>>> print(open('upload.csv').read())   # CSV, C-alpha atoms and all ligand atoms
chain,number,residue,atom,x,y,z
A,1,MET,CA,0.0,0.0,0.0
A,2,PHE,CA,2.7,2.4,1.1
A,3,GLY,CA,4.8,1.4,-1.9
A,4,LYS,CA,2.0,2.0,-4.2
A,5,LEU,CA,1.6,5.5,-2.8
A,6,ILE,CA,5.2,6.4,-3.4
A,7,LEU,CA,5.0,5.0,-6.9
A,8,GLY,CA,1.9,7.0,-7.5
A,9,SER,CA,3.5,10.3,-6.4
A,10,ALA,CA,6.6,9.6,-8.4
A,11,ILE,CA,4.5,9.2,-11.5
A,12,LEU,CA,2.6,12.3,-10.6
A,13,SER,CA,5.7,14.4,-10.1
A,14,CYS,CA,7.0,13.2,-13.4
A,15,SER,CA,3.9,14.2,-15.3
A,16,LEU,CA,3.8,17.5,-13.5
A,17,PHE,CA,7.4,18.6,-13.9
A,18,GLY,CA,8.3,16.7,-17.1
A,19,ALA,CA,11.8,15.5,-17.9
A,20,ASN,CA,14.9,17.3,-16.9
A,21,GLU,CA,15.3,19.3,-20.1
A,22,VAL,CA,15.5,22.7,-21.7
A,23,ASN,CA,13.9,23.7,-25.0
A,24,ILE,CA,15.9,26.1,-27.2
A,25,TYR,CA,14.4,27.9,-30.2
A,26,SER,CA,17.5,29.1,-32.1
A,27,THR,CA,18.2,31.0,-35.3
A,28,ARG,CA,21.9,30.1,-35.1
A,29,HIS,CA,23.2,27.8,-37.7
A,30,TYR,CA,26.7,27.0,-36.5
A,31,ASP,CA,28.2,23.6,-35.6
A,32,THR,CA,29.9,25.1,-32.5
A,33,ASP,CA,26.4,25.4,-30.9
A,34,LYS,CA,25.9,21.6,-31.1
A,35,LYS,CA,29.1,21.1,-29.2
A,36,LEU,CA,28.2,23.7,-26.6
A,37,PHE,CA,24.8,22.1,-26.1
A,38,LYS,CA,26.5,18.7,-25.6
A,39,MET,CA,28.9,20.1,-23.1
A,40,PHE,CA,26.0,21.6,-21.1
A,41,GLU,CA,24.2,18.3,-21.2
A,42,GLU,CA,27.2,16.5,-19.9
A,43,LYS,CA,27.8,19.0,-17.2
A,44,THR,CA,24.3,19.4,-15.9
A,45,GLY,CA,22.4,16.3,-16.9
A,46,ILE,CA,19.8,18.6,-18.5
A,47,LYS,CA,18.8,17.5,-21.9
A,48,VAL,CA,18.9,20.2,-24.6
A,49,ASN,CA,16.1,20.1,-27.3
A,50,VAL,CA,16.6,22.4,-30.2
A,51,VAL,CA,14.2,23.9,-32.7
A,52,LYS,CA,15.9,25.8,-35.5
A,53,ALA,CA,14.3,28.4,-37.8
A,54,LYS,CA,14.4,32.0,-38.8
A,55,ALA,CA,13.9,34.6,-36.1
A,56,SER,CA,10.5,35.8,-37.4
A,57,ALA,CA,9.2,32.2,-37.7
A,58,LEU,CA,10.4,31.3,-34.1
A,59,ILE,CA,8.8,34.5,-32.7
A,60,ASN,CA,5.5,33.8,-34.4
A,61,ARG,CA,5.6,30.1,-33.3
A,62,ILE,CA,6.1,31.1,-29.7
A,63,LYS,CA,3.2,33.6,-30.0
A,64,ASN,CA,0.9,31.0,-31.6
A,65,GLU,CA,1.8,28.3,-29.1
A,66,GLY,CA,0.8,30.7,-26.3
A,67,LYS,CA,0.9,29.5,-22.7
A,68,LYS,CA,1.5,26.0,-23.9
A,69,SER,CA,4.7,26.8,-25.7
A,70,PRO,CA,7.5,24.4,-24.9
A,71,ALA,CA,10.1,27.1,-25.6
A,72,ASP,CA,12.3,28.0,-22.7
A,73,ILE,CA,14.9,30.1,-24.5
A,74,LEU,CA,14.9,32.1,-27.8
A,75,ILE,CA,18.4,32.6,-29.3
A,76,THR,CA,18.9,35.0,-32.3
A,77,ALA,CA,21.9,36.1,-34.2
A,78,ASP,CA,21.1,39.8,-34.2
A,79,ALA,CA,20.3,42.5,-31.6
A,80,ALA,CA,17.3,43.8,-33.5
A,81,ARG,CA,15.6,40.5,-33.4
A,82,LEU,CA,16.1,40.2,-29.6
A,83,TYR,CA,14.7,43.7,-29.3
A,84,LYS,CA,11.7,42.7,-31.4
A,85,ALA,CA,11.1,39.6,-29.3
A,86,LYS,CA,11.1,41.8,-26.2
A,87,THR,CA,8.7,44.4,-27.6
A,88,ASP,CA,6.4,41.5,-28.6
A,89,GLY,CA,6.3,40.4,-25.0
A,90,ILE,CA,8.0,37.1,-25.5
A,91,PHE,CA,10.7,37.3,-22.8
A,92,GLN,CA,10.8,37.7,-19.0
A,93,ALA,CA,13.3,39.6,-16.9
A,94,ILE,CA,16.0,37.3,-15.4
A,95,ASN,CA,17.8,38.1,-12.2
A,96,SER,CA,21.1,36.4,-12.3
A,97,ASP,CA,24.3,37.7,-10.7
A,98,ILE,CA,26.4,35.5,-13.1
A,99,LEU,CA,24.8,37.1,-16.2
A,100,LEU,CA,25.1,40.6,-14.8
A,101,LYS,CA,28.7,40.0,-13.9
A,102,ASN,CA,29.9,38.2,-17.0
A,103,ILE,CA,28.0,40.3,-19.7
A,104,PRO,CA,28.8,44.0,-20.0
A,105,ALA,CA,25.8,46.3,-19.6
A,106,GLU,CA,26.0,47.6,-23.2
A,107,LEU,CA,25.7,44.0,-24.5
A,108,ARG,CA,22.4,43.1,-22.7
A,109,ASP,CA,18.9,44.4,-22.4
A,110,GLU,CA,18.2,47.4,-20.2
A,111,ASP,CA,15.6,45.3,-18.3
A,112,ASN,CA,17.5,42.1,-18.3
A,113,GLN,CA,15.2,40.3,-20.7
A,114,TRP,CA,17.9,39.3,-23.2
A,115,PHE,CA,21.7,38.8,-23.0
A,116,GLY,CA,24.4,39.1,-25.6
A,117,LEU,CA,26.4,35.8,-25.6
A,118,THR,CA,28.9,36.5,-28.4
A,119,LYS,CA,30.0,39.6,-30.4
A,120,ARG,CA,30.8,40.0,-34.1
A,121,SER,CA,31.8,43.0,-36.0
A,122,ARG,CA,30.6,44.0,-39.5
A,123,VAL,CA,33.6,45.0,-41.6
A,124,ALA,CA,34.9,45.7,-45.0
A,125,VAL,CA,36.7,42.9,-46.9
A,126,TYR,CA,39.0,43.7,-49.9
A,127,LYS,CA,41.0,41.7,-52.4
A,128,ILE,CA,44.7,41.5,-51.6
A,129,GLY,CA,46.7,43.4,-54.2
A,130,SER,CA,43.8,45.5,-55.4
A,131,GLY,CA,45.2,48.6,-53.7
A,132,ILE,CA,41.7,49.6,-52.6
A,133,GLU,CA,42.6,49.3,-49.0
A,134,LYS,CA,44.3,52.7,-49.2
A,135,GLU,CA,41.0,54.2,-49.9
A,136,LEU,CA,39.2,52.6,-46.9
A,137,SER,CA,38.5,54.5,-43.8
A,138,THR,CA,35.1,55.0,-42.2
A,139,TYR,CA,31.6,53.4,-42.7
A,140,GLU,CA,30.4,56.9,-43.7
A,141,ALA,CA,33.0,57.1,-46.5
A,142,LEU,CA,31.8,53.8,-48.1
A,143,ALA,CA,29.0,56.0,-49.5
A,144,ASP,CA,31.5,58.3,-51.3
A,145,PRO,CA,31.3,58.2,-55.1
A,146,LYS,CA,34.9,57.1,-55.3
A,147,PHE,CA,33.6,53.6,-54.5
A,148,LYS,CA,31.1,53.7,-57.5
A,149,GLY,CA,30.5,50.2,-58.8
A,150,MET,CA,32.7,48.6,-56.1
A,151,ILE,CA,30.5,47.7,-53.1
A,152,MET,CA,29.2,44.1,-52.6
A,153,VAL,CA,26.6,43.9,-49.9
A,154,ARG,CA,23.6,41.7,-49.3
A,155,SER,CA,19.9,42.7,-49.3
A,156,SER,CA,18.3,45.1,-46.8
A,157,ASN,CA,15.9,42.5,-45.4
A,158,ASN,CA,19.0,41.1,-43.7
A,159,ALA,CA,19.2,41.9,-39.9
A,160,TYR,CA,22.9,42.5,-40.0
A,161,ASN,CA,22.5,45.3,-42.5
A,162,GLN,CA,19.5,46.7,-40.6
A,163,SER,CA,21.6,46.9,-37.4
A,164,LEU,CA,24.4,48.6,-39.3
A,165,LEU,CA,22.1,51.3,-40.6
A,166,ALA,CA,20.5,51.5,-37.1
A,167,ALA,CA,24.0,52.4,-35.9
A,168,ILE,CA,24.4,55.1,-38.7
A,169,ILE,CA,21.0,56.5,-37.5
A,170,ALA,CA,22.3,56.6,-33.9
A,171,HIS,CA,25.5,58.5,-34.9
A,172,HIS,CA,24.1,60.9,-37.5
A,173,GLY,CA,20.2,60.9,-37.5
A,174,GLU,CA,17.7,59.7,-40.1
A,175,GLU,CA,18.3,62.3,-42.7
A,176,TYR,CA,22.0,61.5,-43.0
A,177,ALA,CA,21.2,57.7,-42.8
A,178,LEU,CA,19.0,58.1,-45.9
A,179,LYS,CA,21.8,59.9,-47.8
A,180,TRP,CA,24.3,57.3,-46.7
A,181,ALA,CA,22.0,54.4,-47.8
A,182,LYS,CA,21.4,56.1,-51.2
A,183,GLY,CA,25.2,56.5,-51.6
A,184,ILE,CA,25.8,52.8,-50.9
A,185,VAL,CA,23.1,51.8,-53.4
A,186,ALA,CA,24.7,54.1,-56.0
A,187,ASN,CA,28.1,52.4,-55.3
A,188,MET,CA,26.8,48.8,-55.5
A,189,ALA,CA,28.6,46.5,-57.9
A,190,MET,CA,25.4,44.6,-58.5
A,191,LYS,CA,21.8,44.3,-57.2
A,192,PRO,CA,22.0,42.7,-53.7
A,193,LYS,CA,22.0,39.0,-53.8
A,194,GLY,CA,23.3,36.1,-51.6
A,195,ASN,CA,24.7,36.0,-48.1
A,196,ASP,CA,27.8,37.5,-46.6
A,197,ARG,CA,30.0,34.7,-47.9
A,198,TYR,CA,28.7,35.3,-51.4
A,199,GLN,CA,29.9,39.0,-51.2
A,200,VAL,CA,33.3,37.9,-50.1
A,201,LYS,CA,33.6,35.3,-52.8
A,202,SER,CA,32.5,37.8,-55.4
A,203,ILE,CA,35.3,40.3,-54.6
A,204,ALA,CA,37.8,37.4,-54.6
A,205,ASN,CA,36.6,36.6,-58.1
A,206,GLY,CA,36.8,40.2,-59.3
A,207,ILE,CA,33.2,41.3,-59.0
A,208,GLY,CA,33.2,44.5,-56.9
A,209,LYS,CA,36.2,45.5,-54.7
A,210,VAL,CA,34.8,45.9,-51.2
A,211,ALA,CA,32.5,43.5,-49.5
A,212,ILE,CA,30.6,44.2,-46.3
A,213,ALA,CA,30.5,41.1,-44.1
A,214,ASN,CA,30.5,39.8,-40.5
A,215,THR,CA,34.0,38.8,-39.3
A,216,TYR,CA,33.2,35.2,-38.3
A,217,TYR,CA,32.3,34.3,-41.9
A,218,ILE,CA,35.9,34.9,-42.9
A,219,GLY,CA,37.0,32.3,-40.3
A,220,LYS,CA,34.3,29.9,-41.4
A,221,MET,CA,35.4,30.2,-45.0
A,222,VAL,CA,39.1,29.5,-44.1
A,223,ASP,CA,38.0,26.5,-42.1
A,224,ASN,CA,35.8,25.0,-44.9
A,225,LYS,CA,35.6,21.7,-46.8
A,226,ASP,CA,34.1,23.7,-49.7
A,227,LYS,CA,37.2,24.5,-51.8
A,228,SER,CA,35.6,27.5,-53.5
A,229,GLN,CA,35.2,29.2,-50.1
A,230,ALA,CA,38.6,28.2,-48.8
A,231,GLU,CA,40.3,29.4,-52.0
A,232,ALA,CA,38.4,32.6,-52.3
A,233,VAL,CA,39.1,33.7,-48.7
A,234,LYS,CA,42.9,33.3,-49.3
A,235,LYS,CA,42.6,36.3,-51.7
A,236,VAL,CA,41.0,38.7,-49.3
A,237,LYS,CA,41.7,40.6,-46.2
A,238,ILE,CA,39.7,42.3,-43.5
A,239,PHE,CA,39.6,46.1,-42.9
A,240,PHE,CA,38.0,47.4,-39.7
A,241,PRO,CA,36.1,50.6,-40.6
A,242,LYS,CA,35.1,53.0,-37.9
A,243,PHE,CA,32.3,55.4,-37.5
A,244,GLU,CA,33.5,59.0,-37.8
A,245,ASN,CA,32.8,59.6,-34.1
A,246,GLY,CA,33.0,56.0,-32.9
A,247,GLY,CA,34.5,52.6,-33.4
A,248,THR,CA,33.8,49.5,-35.4
A,249,HIS,CA,30.2,48.3,-35.6
A,250,ILE,CA,29.4,45.5,-33.2
A,251,ASN,CA,26.4,43.2,-33.2
A,252,ILE,CA,25.6,40.3,-30.9
A,253,SER,CA,24.1,36.9,-30.9
A,254,GLY,CA,22.2,36.3,-27.7
A,255,GLY,CA,19.1,35.0,-26.0
A,256,GLY,CA,16.5,35.4,-23.4
A,257,VAL,CA,14.2,33.2,-21.3
A,258,VAL,CA,10.7,32.9,-22.7
A,259,LYS,CA,7.9,34.3,-20.5
A,260,THR,CA,6.0,31.0,-20.5
A,261,ALA,CA,9.2,28.8,-20.1
A,262,PRO,CA,8.1,25.5,-18.6
A,263,ASN,CA,11.7,24.9,-17.5
A,264,LYS,CA,12.7,28.3,-16.2
A,265,GLU,CA,15.4,27.2,-13.8
A,266,ASN,CA,17.1,25.1,-16.4
A,267,ALA,CA,16.8,28.0,-18.9
A,268,ILE,CA,18.7,30.3,-16.5
A,269,LYS,CA,21.3,27.6,-15.9
A,270,PHE,CA,21.7,27.3,-19.7
A,271,LEU,CA,22.3,31.1,-20.2
A,272,GLU,CA,24.7,31.2,-17.2
A,273,TYR,CA,26.6,28.3,-18.8
A,274,MET,CA,26.8,30.1,-22.2
A,275,ALA,CA,28.2,33.1,-20.4
A,276,SER,CA,30.8,31.0,-18.5
A,277,ALA,CA,34.5,31.0,-19.4
A,278,GLU,CA,34.3,27.4,-20.8
A,279,ALA,CA,31.5,28.2,-23.2
A,280,GLN,CA,32.8,31.6,-24.1
A,281,LYS,CA,36.1,30.0,-25.1
A,282,LEU,CA,34.3,27.6,-27.5
A,283,PHE,CA,32.2,30.4,-29.0
A,284,ALA,CA,35.4,32.3,-29.6
A,285,GLN,CA,37.5,29.4,-30.8
A,286,GLY,CA,35.0,27.4,-32.7
A,287,ASN,CA,32.9,30.0,-34.4
A,288,PHE,CA,35.5,32.8,-34.8
A,289,GLU,CA,33.4,35.2,-32.7
A,290,TYR,CA,34.4,37.6,-30.0
A,291,PRO,CA,33.7,36.6,-26.5
A,292,VAL,CA,31.5,38.8,-24.3
A,293,LEU,CA,33.3,37.7,-21.1
A,294,LYS,CA,36.4,39.6,-20.4
A,295,GLY,CA,39.7,37.7,-20.3
A,296,VAL,CA,38.6,35.0,-22.8
A,297,LYS,CA,41.0,35.0,-25.7
A,298,THR,CA,40.0,35.0,-29.4
A,299,SER,CA,41.3,32.3,-31.7
A,300,ASP,CA,44.7,32.7,-33.3
A,301,LEU,CA,43.0,33.3,-36.7
A,302,VAL,CA,40.7,36.0,-35.3
A,303,SER,CA,43.7,37.6,-33.5
A,304,SER,CA,45.6,37.7,-36.8
A,305,TRP,CA,43.0,40.0,-38.2
A,306,GLY,CA,44.2,42.7,-35.8
A,307,THR,CA,42.5,44.7,-33.1
A,308,PHE,CA,39.9,47.4,-33.3
A,309,LYS,CA,38.0,49.8,-31.0
A,310,ALA,CA,34.4,48.7,-30.7
A,311,ASP,CA,31.7,51.3,-31.3
A,312,ASN,CA,30.4,53.0,-28.2
A,313,ILE,CA,26.6,52.9,-28.9
A,314,SER,CA,24.6,50.5,-26.8
A,315,ILE,CA,23.3,47.3,-28.5
A,316,ASN,CA,19.9,48.4,-27.2
A,317,THR,CA,20.0,51.3,-29.7
A,318,LEU,CA,20.2,48.9,-32.7
A,319,GLY,CA,16.9,47.4,-31.8
A,320,LYS,CA,15.2,50.8,-31.1
A,321,ASN,CA,16.3,52.1,-34.5
A,322,ASN,CA,15.4,49.0,-36.4
A,323,ALA,CA,12.0,50.2,-37.7
A,324,GLN,CA,13.5,53.5,-39.0
A,325,ALA,CA,16.3,51.6,-40.6
A,326,VAL,CA,13.9,49.3,-42.5
A,327,LYS,CA,12.0,52.4,-43.7
A,328,ILE,CA,15.1,54.2,-44.8
A,329,PHE,CA,16.4,51.2,-46.8
A,330,ASP,CA,13.1,51.2,-48.6
A,331,LEU,CA,13.3,54.9,-49.4
A,332,ALA,CA,16.8,54.5,-50.6
A,333,GLY,CA,15.9,51.7,-53.0
A,334,TRP,CA,18.2,49.1,-51.3
A,335,LYS,CA,16.7,45.9,-52.5
B,1,FE,FE,25.4,34.6,-39.4
>>> encode(input="upload.csv", output="structure tokens")
Amino acid sequence: MFGKLILGSAILSCSLFGANEVNIYSTRHYDTDKKLFKMFEEKTGIKVNVVKAKASALINRIKNEGKKSPADILITADAARLYKAKTDGIFQAINSDILLKNIPAELRDEDNQWFGLTKRSRVAVYKIGSGIEKELSTYEALADPKFKGMIMVRSSNNAYNQSLLAAIIAHHGEEYALKWAKGIVANMAMKPKGNDRYQVKSIANGIGKVAIANTYYIGKMVDNKDKSQAEAVKKVKIFFPKFENGGTHINISGGGVVKTAPNKENAIKFLEYMASAEAQKLFAQGNFEYPVLKGVKTSDLVSSWGTFKADNISINTLGKNNAQAVKIFDLAGWK
């Protein structure tokens, strides 16, 4: 009788609290993440389940699933998407000393609803021997007519570009941002097409002279089984532009705990682990990103690209200016 009771309550607690797991909805498409999830599983015994899709699809899915959503964490690869998820009411504020200590204030949400986990900079890439690097200076100057027919950059529906324009708005206002976007459109080597790697491959192959791309893609192209990428990237080099009154544009990949998270404690443990020295090292080494945690070294390849001064505007601003950036891209005719 007593045995039966214990068995009964064990089954009950199982069905009430579910398995020891955490459900991650992620837009990140990198192998490093798989390794990180495995390391977390081994360390904590918490099983990681992953749903991968584009940010807008994941945000809509969480909304549609409502209170029954299994999502504990939403991870995106851009600050503006995190900001959108926050304004859509998807996240909850998290009080964690570890997250506050490990992640600098300018790389996390003002209300602690999302946290930057890795940094990337958006830079200019040029062909070695083209001589064009002597002309490179600021982001602003890329709109100068001297670069006519030379710029390779992807479409304006891409979040990385939206955040770059959001930073231009933060530095100079909307009117200037429109002028700048029009200048870039006038300087494009072709109508925007393809991803960041496509832009880099194009300049390596003589189409355009300056590509705008995120730093880690250069690392991923070096470290690639696809010969066309590995060969192309040997022909190019990174230049770190600055804003006239700032530094090099920084974006983050990060995440937050979903408001309806069924495994909230596990979700917090997961974010804390991602901000730990062990995970930060793998982000930096494995995916050629920049760690958010001070004292963690970048990979040798990333270090070889040189150092730069990060821009001073808060990542929060990229989200706040996103709607204006999208409007301005439209007005500028940036496809
Ligand atoms: Fe990416």
>>> closest_residue(input="upload.csv", among="A:Lys179, A:Lys220, A:Lys264, A:Lys54", to="Phe288 in chain A", atoms="all atoms listed in the file")
A:Lys220
>>> closest_residue(input="upload.csv", among="A:Arg122, A:His249, A:Arg108, A:Lys84", to="ligand FE 1 (chain B)", atoms="all atoms listed in the file")
A:Arg122
>>> closest_residue(input="upload.csv", among="A:Val296, A:Ile46, A:Ile315, A:Ile252", to="ligand FE 1 (chain B)", atoms="all atoms listed in the file")
A:Ile252
>>> residues_around(input="upload.csv", residues="Asn60 in chain A", least_positions_apart="2", cutoff="12 Å", atoms="all atoms listed in the file", output="ChimeraX atom specification")
/A:25,53-58,62-66,69,71,74,84-85,88-90
>>> closest_residue(input="upload.csv", among="A:Asn20, A:Gln280, A:Thr27, A:Gln162", to="ligand FE 1 (chain B)", atoms="only C-alpha atoms and all ligand atoms")
A:Thr27
>>> closest_atom_pairs(input="upload.csv", of="chain A", to="ligand FE 1 (chain B)", cutoff="8 Å", atoms="all atoms listed in the file", output="CSV")
residue,atom,partner,partner_atom,distance
A:Arg28,CA,B:FE1,FE,7.1
A:His29,CA,B:FE1,FE,7.3
A:Ala77,CA,B:FE1,FE,6.4
A:Asn214,CA,B:FE1,FE,7.4
A:Tyr216,CA,B:FE1,FE,7.9
A:Tyr217,CA,B:FE1,FE,7.3
>>> atom_distance(input="upload.csv", atom1="CA of Thr215 in chain A", atom2="CA of Ala167 in chain A")
17.2 Å
>>> residues_around(input="upload.csv", residues="Lys259 in chain A", least_positions_apart="6", cutoff="9 Å", atoms="only C-alpha atoms", output="ChimeraX atom specification")
/A:67,72,89-93
>>> residues_around(input="upload.csv", residues="Pro291 in chain A", least_positions_apart="6", cutoff="12 Å", atoms="all atoms listed in the file", output="PyMOL selection string")
chain A and resi 102-104+107+116-121+216+250-254+274-285+297-299+302
>>> write_last_selection(input="upload.csv", atoms="C-alpha atoms", output="short mmCIF file (atom, residue, chain, number, x, y, z; two decimals), in the coordinates of the input")
data_model
loop_
_atom_site.label_atom_id
_atom_site.label_comp_id
_atom_site.auth_asym_id
_atom_site.auth_seq_id
_atom_site.Cartn_x
_atom_site.Cartn_y
_atom_site.Cartn_z
CA ASN A 102 29.90 38.20 -17.00
CA ILE A 103 28.00 40.30 -19.70
CA PRO A 104 28.80 44.00 -20.00
CA LEU A 107 25.70 44.00 -24.50
CA GLY A 116 24.40 39.10 -25.60
CA LEU A 117 26.40 35.80 -25.60
CA THR A 118 28.90 36.50 -28.40
CA LYS A 119 30.00 39.60 -30.40
CA ARG A 120 30.80 40.00 -34.10
CA SER A 121 31.80 43.00 -36.00
CA TYR A 216 33.20 35.20 -38.30
CA ILE A 250 29.40 45.50 -33.20
CA ASN A 251 26.40 43.20 -33.20
CA ILE A 252 25.60 40.30 -30.90
CA SER A 253 24.10 36.90 -30.90
CA GLY A 254 22.20 36.30 -27.70
CA MET A 274 26.80 30.10 -22.20
CA ALA A 275 28.20 33.10 -20.40
CA SER A 276 30.80 31.00 -18.50
CA ALA A 277 34.50 31.00 -19.40
CA GLU A 278 34.30 27.40 -20.80
CA ALA A 279 31.50 28.20 -23.20
CA GLN A 280 32.80 31.60 -24.10
CA LYS A 281 36.10 30.00 -25.10
CA LEU A 282 34.30 27.60 -27.50
CA PHE A 283 32.20 30.40 -29.00
CA ALA A 284 35.40 32.30 -29.60
CA GLN A 285 37.50 29.40 -30.80
CA LYS A 297 41.00 35.00 -25.70
CA THR A 298 40.00 35.00 -29.40
CA SER A 299 41.30 32.30 -31.70
CA VAL A 302 40.70 36.00 -35.30
#
>>> atom_distance(input="upload.csv", atom1="CA of Thr32 in chain A", atom2="CA of Gly286 in chain A")
5.6 Å
>>> closest_residue(input="upload.csv", among="A:Val222, A:Ile151, A:Ala159, A:Met39", to="Thr76 in chain A", atoms="only C-alpha atoms")
A:Ala159
>>> closest_residue(input="upload.csv", among="A:Asp330, A:Arg197, A:Asp109, A:Ile203", to="Ala230 in chain A", atoms="all atoms listed in the file")
A:Arg197
>>> residues_around(input="upload.csv", residues="Tyr273 in chain A", least_positions_apart="6", cutoff="10 Å", atoms="all atoms listed in the file", output="list in words")
Leu36, Phe37, Met39, Phe40, Lys43, Thr44, Ile98, Leu99, Ala267, Ala279 and Gln280 of chain A
>>> atom_distance(input="upload.csv", atom1="CA of Ala177 in chain A", atom2="CA of Phe329 in chain A")
9.0 Å
>>> residues_around(input="upload.csv", residues="range 187-195 of chain A", least_positions_apart="5", cutoff="10 Å", atoms="all atoms listed in the file", output="count of residues only")
30
